[in-house]
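Undergrad: Data: entry.cif, mmCIF, C-alpha atoms and all ligand atoms.
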data_target
#
loop_
_atom_site.label_atom_id
_atom_site.label_comp_id
_atom_site.auth_asym_id
_atom_site.auth_seq_id
_atom_site.Cartn_x
_atom_site.Cartn_y
_atom_site.Cartn_z
CA MET Y 1 98.55 80.11 -202.79
CA SER Y 2 101.08 79.19 -205.40
CA HIS Y 3 101.83 81.18 -208.52
CA ASN Y 4 100.37 78.23 -210.46
CA TYR Y 5 96.98 79.03 -209.03
CA PHE Y 6 97.14 82.67 -210.11
CA ILE Y 7 98.34 81.91 -213.62
CA ARG Y 8 95.62 79.31 -214.09
CA ASN Y 9 93.14 81.87 -212.80
CA LEU Y 10 94.48 84.50 -215.21
CA LEU Y 11 94.21 82.17 -218.21
CA ASN Y 12 90.98 80.64 -216.92
CA ILE Y 13 92.44 77.12 -216.94
CA LYS Y 14 90.61 74.64 -214.73
CA ASP Y 15 93.02 71.74 -215.10
CA LYS Y 16 95.12 71.59 -211.90
CA ASN Y 17 97.57 69.17 -213.55
CA ILE Y 18 99.09 72.07 -215.45
CA ILE Y 19 101.94 73.73 -213.62
CA PHE Y 20 104.07 76.68 -214.68
CA GLU Y 21 107.78 77.23 -214.69
CA GLU Y 22 109.37 80.16 -212.90
CA ASN Y 23 109.69 82.22 -216.08
CA PHE Y 24 106.20 81.33 -217.10
CA CYS Y 25 105.53 84.17 -219.51
CA VAL Y 26 107.81 85.48 -222.22
CA GLU Y 27 107.33 87.62 -225.27
CA GLU Y 28 107.99 85.69 -228.44
CA LYS Y 29 107.42 86.18 -232.12
CA ILE Y 30 104.95 83.63 -233.41
CA ASN Y 31 104.19 83.72 -237.13
CA GLY Y 32 106.01 87.06 -237.16
CA VAL Y 33 103.72 88.63 -234.54
CA LYS Y 34 104.88 89.61 -231.06
CA SER Y 35 102.88 87.44 -228.68
CA LYS Y 36 102.64 86.53 -225.01
CA VAL Y 37 103.65 82.92 -224.57
CA PHE Y 38 102.96 81.04 -221.34
CA HIS Y 39 105.11 78.02 -220.58
CA GLY Y 40 103.33 75.23 -218.78
CA ILE Y 41 103.84 71.57 -218.05
CA LEU Y 42 101.10 68.97 -218.03
CA THR Y 43 101.93 66.04 -215.83
CA TYR Y 44 99.96 63.56 -213.78
CA GLN Y 45 99.77 59.83 -213.26
CA PRO Y 46 97.18 58.33 -215.59
CA LYS Y 47 94.80 55.69 -214.20
CA ALA Y 48 95.48 53.33 -217.10
CA CYS Y 49 97.25 53.05 -220.44
CA TYR Y 50 95.36 55.13 -223.03
CA VAL Y 51 96.02 52.52 -225.71
CA CYS Y 52 95.43 49.08 -224.16
CA GLY Y 53 93.59 50.17 -221.00
CA HIS Y 54 95.99 48.36 -218.66
CA VAL Y 55 95.73 49.72 -215.10
CA PHE Y 56 98.70 51.90 -214.18
CA ASP Y 57 101.65 50.01 -212.72
CA HIS Y 58 105.48 50.04 -212.87
CA GLN Y 59 105.31 48.75 -216.46
CA ILE Y 60 104.03 52.15 -217.60
CA ILE Y 61 106.91 54.57 -217.49
CA LYS Y 62 107.55 58.25 -218.24
CA HIS Y 63 108.77 58.79 -221.76
CA GLY Y 64 109.71 62.44 -222.28
CA PHE Y 65 107.46 65.29 -223.33
CA LYS Y 66 105.58 66.47 -226.33
CA THR Y 67 105.26 70.23 -226.67
CA SER Y 68 102.35 71.87 -228.38
CA ILE Y 69 101.49 75.51 -228.88
CA ILE Y 70 97.90 76.22 -227.97
CA LYS Y 71 96.03 79.33 -229.02
CA MET Y 72 94.57 81.12 -225.98
CA PRO Y 73 92.19 84.11 -225.83
CA SER Y 74 94.28 87.28 -226.17
CA VAL Y 75 95.79 89.01 -223.12
CA SER Y 76 95.93 92.82 -222.99
CA GLY Y 77 95.56 93.03 -226.73
CA PHE Y 78 98.41 90.59 -227.40
CA ASN Y 79 97.95 87.25 -229.05
CA ALA Y 80 98.44 84.69 -226.33
CA TYR Y 81 99.70 81.13 -226.55
CA LEU Y 82 100.22 78.34 -224.10
CA LYS Y 83 103.36 76.36 -224.83
CA LEU Y 84 102.40 73.16 -223.09
CA LYS Y 85 104.87 70.38 -222.41
CA LYS Y 86 102.71 67.30 -222.19
CA GLN Y 87 104.06 64.26 -220.37
CA ARG Y 88 104.38 61.15 -222.50
CA TYR Y 89 104.27 57.60 -221.20
CA TYR Y 90 105.48 54.31 -222.57
CA CYS Y 91 103.46 51.18 -221.88
CA LYS Y 92 105.44 47.97 -221.83
CA HIS Y 93 102.29 45.86 -221.99
CA CYS Y 94 101.31 47.00 -225.46
CA GLU Y 95 104.65 48.56 -226.37
CA SER Y 96 103.17 51.87 -227.35
CA THR Y 97 103.44 55.47 -226.22
CA PHE Y 98 100.73 57.95 -225.35
CA THR Y 99 100.52 61.62 -224.39
CA LEU Y 100 98.50 62.97 -221.47
CA THR Y 101 95.34 64.86 -222.30
CA THR Y 102 93.79 67.97 -220.76
CA ASP Y 103 90.43 69.72 -220.97
CA VAL Y 104 92.18 72.95 -221.97
CA VAL Y 105 92.29 71.75 -225.54
CA ALA Y 106 90.69 68.98 -227.57
CA LYS Y 107 92.87 66.09 -228.75
CA ASN Y 108 94.82 66.87 -231.94
CA CYS Y 109 93.71 70.49 -231.79
CA PHE Y 110 95.76 73.59 -231.10
CA ILE Y 111 92.95 76.05 -230.37
CA SER Y 112 92.01 76.10 -226.70
CA ASN Y 113 88.43 75.38 -225.69
CA ASN Y 114 88.29 78.85 -224.09
CA THR Y 115 89.09 80.43 -227.44
CA LYS Y 116 86.39 78.36 -229.11
CA ALA Y 117 83.86 79.43 -226.49
CA ALA Y 118 84.88 83.08 -226.94
CA ILE Y 119 84.41 82.77 -230.72
CA ALA Y 120 80.99 81.14 -230.32
CA LEU Y 121 79.90 83.92 -227.94
CA HIS Y 122 81.22 86.57 -230.31
CA ALA Y 123 79.18 84.99 -233.13
CA ARG Y 124 75.95 86.04 -231.39
CA GLU Y 125 76.67 89.62 -232.40
CA LYS Y 126 75.96 91.08 -235.80
CA ILE Y 127 79.47 90.67 -237.11
CA SER Y 128 81.07 88.88 -240.01
CA GLU Y 129 82.99 85.65 -239.59
CA LYS Y 130 85.99 87.38 -241.11
CA ASP Y 131 85.99 90.03 -238.37
CA ILE Y 132 85.65 87.40 -235.66
CA ALA Y 133 88.57 85.50 -237.20
CA GLN Y 134 90.70 88.64 -237.10
CA THR Y 135 89.78 89.44 -233.49
CA HIS Y 136 90.64 85.97 -232.26
CA ASN Y 137 93.65 85.46 -234.50
CA VAL Y 138 92.33 82.34 -236.19
CA SER Y 139 91.40 81.57 -239.78
CA HIS Y 140 88.04 82.25 -241.36
CA SER Y 141 87.31 78.56 -241.84
CA THR Y 142 88.10 77.85 -238.19
CA VAL Y 143 85.46 80.36 -237.11
CA ASN Y 144 82.97 78.75 -239.45
CA ARG Y 145 83.73 75.29 -238.12
CA ILE Y 146 83.50 76.38 -234.48
CA ILE Y 147 80.16 78.12 -234.98
CA ASN Y 148 78.75 75.02 -236.67
CA SER Y 149 79.96 72.80 -233.86
CA PHE Y 150 78.42 75.01 -231.15
CA TYR Y 151 75.12 75.72 -232.80
CA ASN Y 152 73.65 72.50 -234.11
CA TYR Y 153 71.06 72.79 -236.80
CA PHE Y 154 67.56 72.17 -235.57
CA LYS Y 155 66.08 68.93 -236.83
CA PRO Y 156 62.39 68.32 -236.16
CA ASN Y 157 61.21 64.90 -235.09
CA PHE Y 158 59.07 63.67 -237.98
CA TYR Y 159 57.55 60.89 -235.86
CA TYR Y 160 55.79 63.10 -233.34
CA LEU Y 161 53.38 66.03 -233.36
CA PRO Y 162 51.60 67.60 -230.37
CA LYS Y 163 47.84 66.88 -230.13
CA HIS Y 164 46.91 70.55 -230.27
CA LEU Y 165 48.56 72.83 -232.78
CA CYS Y 166 48.48 76.53 -233.45
CA PHE Y 167 49.32 78.01 -236.88
CA ASP Y 168 50.42 81.53 -237.64
CA GLU Y 169 52.54 83.43 -240.08
CA PHE Y 170 54.99 86.26 -239.66
CA LYS Y 171 57.26 88.48 -241.66
CA SER Y 172 60.69 86.91 -241.31
CA VAL Y 173 63.34 87.96 -243.78
CA LYS Y 174 63.20 89.83 -247.06
CA SER Y 175 64.57 86.86 -248.96
CA ALA Y 176 61.82 84.49 -247.74
CA ALA Y 177 59.89 83.20 -250.72
CA GLY Y 178 56.18 83.94 -250.54
CA ALA Y 179 56.81 87.09 -248.44
CA MET Y 180 55.58 85.47 -245.21
CA SER Y 181 56.96 82.62 -243.15
CA PHE Y 182 54.99 79.99 -241.33
CA ILE Y 183 55.28 79.13 -237.66
CA PHE Y 184 53.44 76.51 -235.65
CA CYS Y 185 53.45 75.66 -231.99
CA ASP Y 186 51.95 73.38 -229.39
CA SER Y 187 48.86 75.34 -228.36
CA LYS Y 188 48.92 73.87 -224.83
CA THR Y 189 52.52 74.62 -223.92
CA GLY Y 190 53.18 77.44 -226.35
CA LYS Y 191 56.41 75.71 -227.40
CA ILE Y 192 57.41 76.32 -231.02
CA VAL Y 193 57.50 73.08 -233.01
CA ASP Y 194 59.04 74.42 -236.21
CA ILE Y 195 59.27 77.32 -238.63
CA VAL Y 196 58.83 76.99 -242.39
CA GLU Y 197 60.31 79.77 -244.47
CA ASP Y 198 57.55 79.79 -247.07
CA ARG Y 199 53.89 79.73 -246.07
CA ARG Y 200 52.53 78.89 -249.54
CA LEU Y 201 50.22 75.92 -249.65
CA HIS Y 202 52.24 73.52 -251.79
CA VAL Y 203 55.32 74.10 -249.65
CA LEU Y 204 53.43 73.49 -246.42
CA ARG Y 205 51.75 70.39 -247.78
CA GLU Y 206 55.12 68.97 -248.76
CA TYR Y 207 56.53 69.93 -245.38
CA PHE Y 208 53.78 68.26 -243.34
CA LEU Y 209 53.80 65.12 -245.45
CA GLN Y 210 57.30 64.51 -244.13
CA TYR Y 211 55.69 63.66 -240.81
CA SER Y 212 54.64 60.05 -240.33
CA LYS Y 213 50.98 59.20 -240.86
CA LYS Y 214 50.71 58.22 -237.19
CA ALA Y 215 52.04 61.59 -236.06
CA ARG Y 216 49.62 63.44 -238.35
CA ASP Y 217 46.68 61.33 -237.27
CA SER Y 218 47.33 62.14 -233.65
CA VAL Y 219 46.62 65.86 -234.15
CA LYS Y 220 43.25 66.66 -232.55
CA THR Y 221 42.84 70.42 -233.02
CA VAL Y 222 44.47 73.17 -235.03
CA VAL Y 223 43.97 76.84 -234.22
CA ILE Y 224 44.25 79.10 -237.27
CA ASP Y 225 43.40 82.59 -238.38
CA ILE Y 226 41.03 82.97 -241.30
CA TYR Y 227 43.53 82.25 -244.03
CA SER Y 228 41.50 79.89 -246.16
CA PRO Y 229 44.33 77.80 -247.74
CA TYR Y 230 45.05 76.43 -244.27
CA ILE Y 231 41.61 74.89 -244.08
CA SER Y 232 42.08 72.64 -247.11
CA LEU Y 233 45.62 71.88 -245.98
CA ILE Y 234 44.50 70.74 -242.55
CA LYS Y 235 41.72 68.58 -243.97
CA ASP Y 236 44.32 67.00 -246.20
CA VAL Y 237 47.22 66.31 -243.88
CA PHE Y 238 45.52 66.08 -240.47
CA PRO Y 239 42.41 63.98 -241.15
CA ASN Y 240 41.42 63.72 -237.46
CA ALA Y 241 41.88 67.39 -236.57
CA ARG Y 242 39.14 69.89 -235.82
CA ILE Y 243 39.75 73.43 -236.96
CA ILE Y 244 39.40 76.24 -234.47
CA ILE Y 245 39.28 79.76 -235.79
CA ASP Y 246 41.22 82.13 -233.61
CA LYS Y 247 38.74 84.24 -231.54
CA PHE Y 248 40.59 87.43 -232.29
CA HIS Y 249 40.17 86.98 -236.02
CA ILE Y 250 36.43 86.31 -235.73
CA HIS Y 251 36.04 89.52 -233.74
CA GLN Y 252 38.06 91.34 -236.33
CA LEU Y 253 35.96 89.99 -239.18
CA PHE Y 254 32.68 91.04 -237.60
CA SER Y 255 33.79 94.46 -236.40
CA ARG Y 256 35.19 95.27 -239.83
CA ALA Y 257 31.92 94.26 -241.50
CA LEU Y 258 29.93 96.33 -239.04
CA ASN Y 259 32.13 99.38 -239.49
CA LYS Y 260 31.95 99.16 -243.26
CA THR Y 261 28.17 98.97 -243.16
CA ARG Y 262 27.91 101.83 -240.68
CA ILE Y 263 29.98 104.09 -242.94
CA LYS Y 264 27.78 103.21 -245.91
CA VAL Y 265 24.66 104.13 -243.94
CA MET Y 266 26.36 107.25 -242.64
CA ASN Y 267 27.03 108.51 -246.15
CA ARG Y 268 23.46 107.79 -247.23
CA HIS Y 269 21.74 109.46 -244.26
CA LYS Y 270 23.26 112.90 -244.14
CA LYS Y 271 20.78 113.90 -241.41
CA ASN Y 272 22.16 111.29 -239.01
CA TYR Y 273 25.75 111.51 -240.19
CA ASN Y 274 27.09 112.92 -236.92
CA GLN Y 275 25.24 110.44 -234.75
CA LEU Y 276 26.44 107.48 -236.77
CA LYS Y 277 29.95 108.84 -236.63
CA LYS Y 278 29.94 109.70 -232.94
CA TYR Y 279 28.46 106.45 -231.61
CA TRP Y 280 30.54 103.97 -233.67
CA ARG Y 281 31.80 102.41 -230.48
CA LEU Y 282 28.28 101.71 -229.22
CA ILE Y 283 27.41 99.64 -232.28
CA LEU Y 284 30.42 97.42 -231.62
CA LYS Y 285 29.78 97.19 -227.88
CA ASP Y 286 29.35 93.80 -226.25
CA GLU Y 287 25.62 93.28 -225.67
CA SER Y 288 26.09 92.33 -222.04
CA LYS Y 289 27.87 95.61 -221.35
CA VAL Y 290 25.27 97.91 -222.90
CA ASP Y 291 23.57 100.22 -220.37
CA TYR Y 292 19.83 99.41 -220.35
CA ILE Y 293 18.95 101.51 -217.29
CA HIS Y 294 20.50 104.94 -217.01
CA PHE Y 295 19.14 107.89 -218.95
CA ARG Y 296 21.79 110.45 -219.82
CA TYR Y 297 21.60 113.67 -221.75
CA HIS Y 298 23.09 113.40 -225.25
CA ARG Y 299 23.48 116.62 -227.18
CA SER Y 300 23.06 115.11 -230.61
CA PHE Y 301 19.66 113.71 -229.54
CA LYS Y 302 18.82 116.80 -227.48
CA LYS Y 303 17.26 114.67 -224.75
CA GLN Y 304 17.83 112.12 -221.96
CA ILE Y 305 18.34 108.74 -223.58
CA ARG Y 306 19.67 105.26 -222.70
CA GLU Y 307 22.54 103.54 -224.54
CA LYS Y 308 20.19 100.80 -225.60
CA ASP Y 309 17.85 103.35 -227.27
CA ILE Y 310 20.70 104.95 -229.18
CA ILE Y 311 21.76 101.57 -230.58
CA HIS Y 312 18.23 100.70 -231.66
CA TYR Y 313 17.72 104.09 -233.22
CA LEU Y 314 20.91 103.85 -235.27
CA ILE Y 315 20.30 100.28 -236.39
CA ASP Y 316 16.71 101.02 -237.42
CA LEU Y 317 17.84 103.92 -239.58
CA ASP Y 318 18.47 101.65 -242.50
CA LEU Y 319 16.44 98.51 -242.77
CA TYR Y 320 18.33 97.24 -245.79
CA CYS Y 321 21.66 97.41 -243.99
CA LYS Y 322 20.20 95.84 -240.89
CA ILE Y 323 19.15 92.81 -242.90
CA LYS Y 324 22.48 92.74 -244.67
CA VAL Y 325 24.46 92.70 -241.44
CA GLN Y 326 22.27 90.00 -239.99
CA SER Y 327 22.59 87.79 -243.05
CA PHE Y 328 26.34 88.39 -243.15
CA ALA Y 329 26.62 87.21 -239.56
CA LYS Y 330 24.49 84.17 -240.27
CA LYS Y 331 26.49 83.32 -243.38
CA LYS Y 332 29.81 83.60 -241.57
CA CYS Y 333 28.56 81.46 -238.69
CA ARG Y 334 27.43 78.83 -241.16
CA GLU Y 335 30.81 78.92 -242.89
CA LEU Y 336 32.70 78.53 -239.64
CA HIS Y 337 30.42 75.72 -238.63
CA PHE Y 338 30.83 74.06 -242.00
CA ILE Y 339 34.60 74.01 -241.68
CA ASN Y 340 34.38 71.41 -238.96
CA LYS Y 341 31.94 69.16 -240.72
ZN ZN Y 401 99.25 49.82 -223.01
#
Once more with this new file: its structure as structure tokens, please.
TA:
Amino acid sequence: MSHNYFIRNLLNIKDKNIIFEENFCVEEKINGVKSKVFHGILTYQPKACYVCGHVFDHQIIKHGFKTSIIKMPSVSGFNAYLKLKKQRYYCKHCESTFTLTTDVVAKNCFISNNTKAAIALHAREKISEKDIAQTHNVSHSTVNRIINSFYNYFKPNFYYLPKHLCFDEFKSVKSAAGAMSFIFCDSKTGKIVDIVEDRRLHVLREYFLQYSKKARDSVKTVVIDIYSPYISLIKDVFPNARIIIDKFHIHQLFSRALNKTRIKVMNRHKKNYNQLKKYWRLILKDESKVDYIHFRYHRSFKKQIREKDIIHYLIDLDLYCKIKVQSFAKKKCRELHFINK
């Protein structure tokens, strides 16, 4: 294999039209800094004139070279450059000249695409643009421009919304107004649709009203936690949507209410304090999983007793609380039912 192959491999250049002279690498001072400079030549026969598009023939002739210095990723800690002599052609059909192009570098640019890729990759780390600029021997504004070109800003499509949505909030950054940020996704695919920095109602309303009426009308269900501002928001901006309260949050609501009540009863009935404290888990237990059959010895009851009996005993301790818990459950069920009316 030729030395051209190895140099291209070293510099990670894919363009086979670039060949290197015998003394391909010399040390030179560029902008007062000792650098490694690679000397290459770009030459090939173009398919057509770049200016008028005339298919290549004897009327298109070689017309000297144009040399440009291209910034490459550094080699062994040295700044590296590719001094590329690019073949020029003269087209007699349109009487103009053009210079050959290569994928090593964009047209009218002197920073190689490899360097740009290296900068974009570097930008994923927690590091300032200034530091990246210094590492890659480019200016601060170049780094900024490259990052912006690689990472396009996300723009949501305001003419489409998935049929089934899922709302939630999360702690994003300290500077976020309203302390929490809002996220929503397609509840079928789990794909995130968008993130809104501020979850406050007026901000969200404004945000969703950016979507077309057709897109908003197409939303069939929205899954939310029990954060009541969402309910009025959904009724407002998604007129055809049914609200589904997240199962986890309903469980949480009921178990909290039960626990609170149990502690109240516990403090009132000092005689049964230990039992109420010990069997807290039983009160929360799923009805279908309660043991109705097996008698086991429980020290605090000083006898053989079934799980079912323990639950009944504890619940019957305080009639007032029993009624209160029942009415709380009924009220909450009514509220949840009402939401979808
Ligand atoms: Zn031409």
Undergrad: Using only C-alpha atoms and all ligand atoms, find each residue with an atom at most 7 Å away from ligand ZN 401 (chain Y) and format the answer as a PyMOL selection string.
TA: chain Y and resi 49-54+91-96
Undergrad: I'd like the contact shell of region 311-326 of chain Y - 8 Å cut-off, all atoms listed in the file, skipping same-chain residues fewer than 5 positions apart - returned as a PyMOL selection string.
TA: chain Y and resi 257-258+261+265+275-276+282-283
Undergrad: Counting only C-alpha atoms, which of Y:Thr101, Y:Ser141, Y:Ser149, Y:Ser35 gets nearest to Lys116 (chain Y)?
TA: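 With only C-alpha atoms as the atom set, the closest residue is Y:Ser149.
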Undergrad: Of the candidates Y:Ile183, Y:Val33, Y:Val237, Y:Val104, which shows the shortest atom-to-atom distance to Lys213 (chain Y), using only C-alpha atoms?
TA: Y:Val237
Undergrad: Near Leu204 (chain Y), within 12 Å and counting only C-alpha atoms, which residues show up once chain neighbours fewer than 3 positions away are dropped, as a list in words?
TA: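 After dropping sequence-adjacent residues, the list is Phe167, Glu169, Gly178, Ser181, Phe182, Ile183, Phe184, Asp194, Ile195, Val196, Glu197, Asp198, Arg199, Arg200, Leu201, Tyr207, Phe208, Leu209, Gln210, Tyr211, Pro229, Tyr230, Ser232, Leu233, Ile234, Asp236 and Val237 of chain Y.
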Undergrad: Residues of the last selection are to be written out with C-alpha atoms, as a CSV table (one decimal), in the frame of the given file.
TA:
chain,number,residue,atom,x,y,z
Y,167,PHE,CA,49.3,78.0,-236.9
Y,169,GLU,CA,52.5,83.4,-240.1
Y,178,GLY,CA,56.2,83.9,-250.5
Y,181,SER,CA,57.0,82.6,-243.2
Y,182,PHE,CA,55.0,80.0,-241.3
Y,183,ILE,CA,55.3,79.1,-237.7
Y,184,PHE,CA,53.4,76.5,-235.6
Y,194,ASP,CA,59.0,74.4,-236.2
Y,195,ILE,CA,59.3,77.3,-238.6
Y,196,VAL,CA,58.8,77.0,-242.4
Y,197,GLU,CA,60.3,79.8,-244.5
Y,198,ASP,CA,57.6,79.8,-247.1
Y,199,ARG,CA,53.9,79.7,-246.1
Y,200,ARG,CA,52.5,78.9,-249.5
Y,201,LEU,CA,50.2,75.9,-249.6
Y,207,TYR,CA,56.5,69.9,-245.4
Y,208,PHE,CA,53.8,68.3,-243.3
Y,209,LEU,CA,53.8,65.1,-245.4
Y,210,GLN,CA,57.3,64.5,-244.1
Y,211,TYR,CA,55.7,63.7,-240.8
Y,229,PRO,CA,44.3,77.8,-247.7
Y,230,TYR,CA,45.0,76.4,-244.3
Y,232,SER,CA,42.1,72.6,-247.1
Y,233,LEU,CA,45.6,71.9,-246.0
Y,234,ILE,CA,44.5,70.7,-242.6
Y,236,ASP,CA,44.3,67.0,-246.2
Y,237,VAL,CA,47.2,66.3,-243.9
Undergrad: When you look at Lys278 (chain Y) with a cut-off of 12 Å (counting all atoms listed in the file), what residues show up, excluding the ones that are within fewer than 6 positions of it in the same chain? I need them as a list of chain:residue names.
TA: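 Returned residues: Y:Arg262, Y:Ile263, Y:Met266, Y:Asn272, Y:His298, Y:Arg299, Y:Ser300, Y:Phe301, Y:Ile310, Y:Ile311, Y:Leu314.
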Undergrad: Would you list the contacts of Leu100 (chain Y) as a PyMOL selection string, taking every protein, DNA or RNA residue within 12 Å and counting all atoms listed in the file, but skipping same-chain residues closer than 6 positions in sequence?
TA: chain Y and resi 17-18+41-51+62-68+84-90+106-108
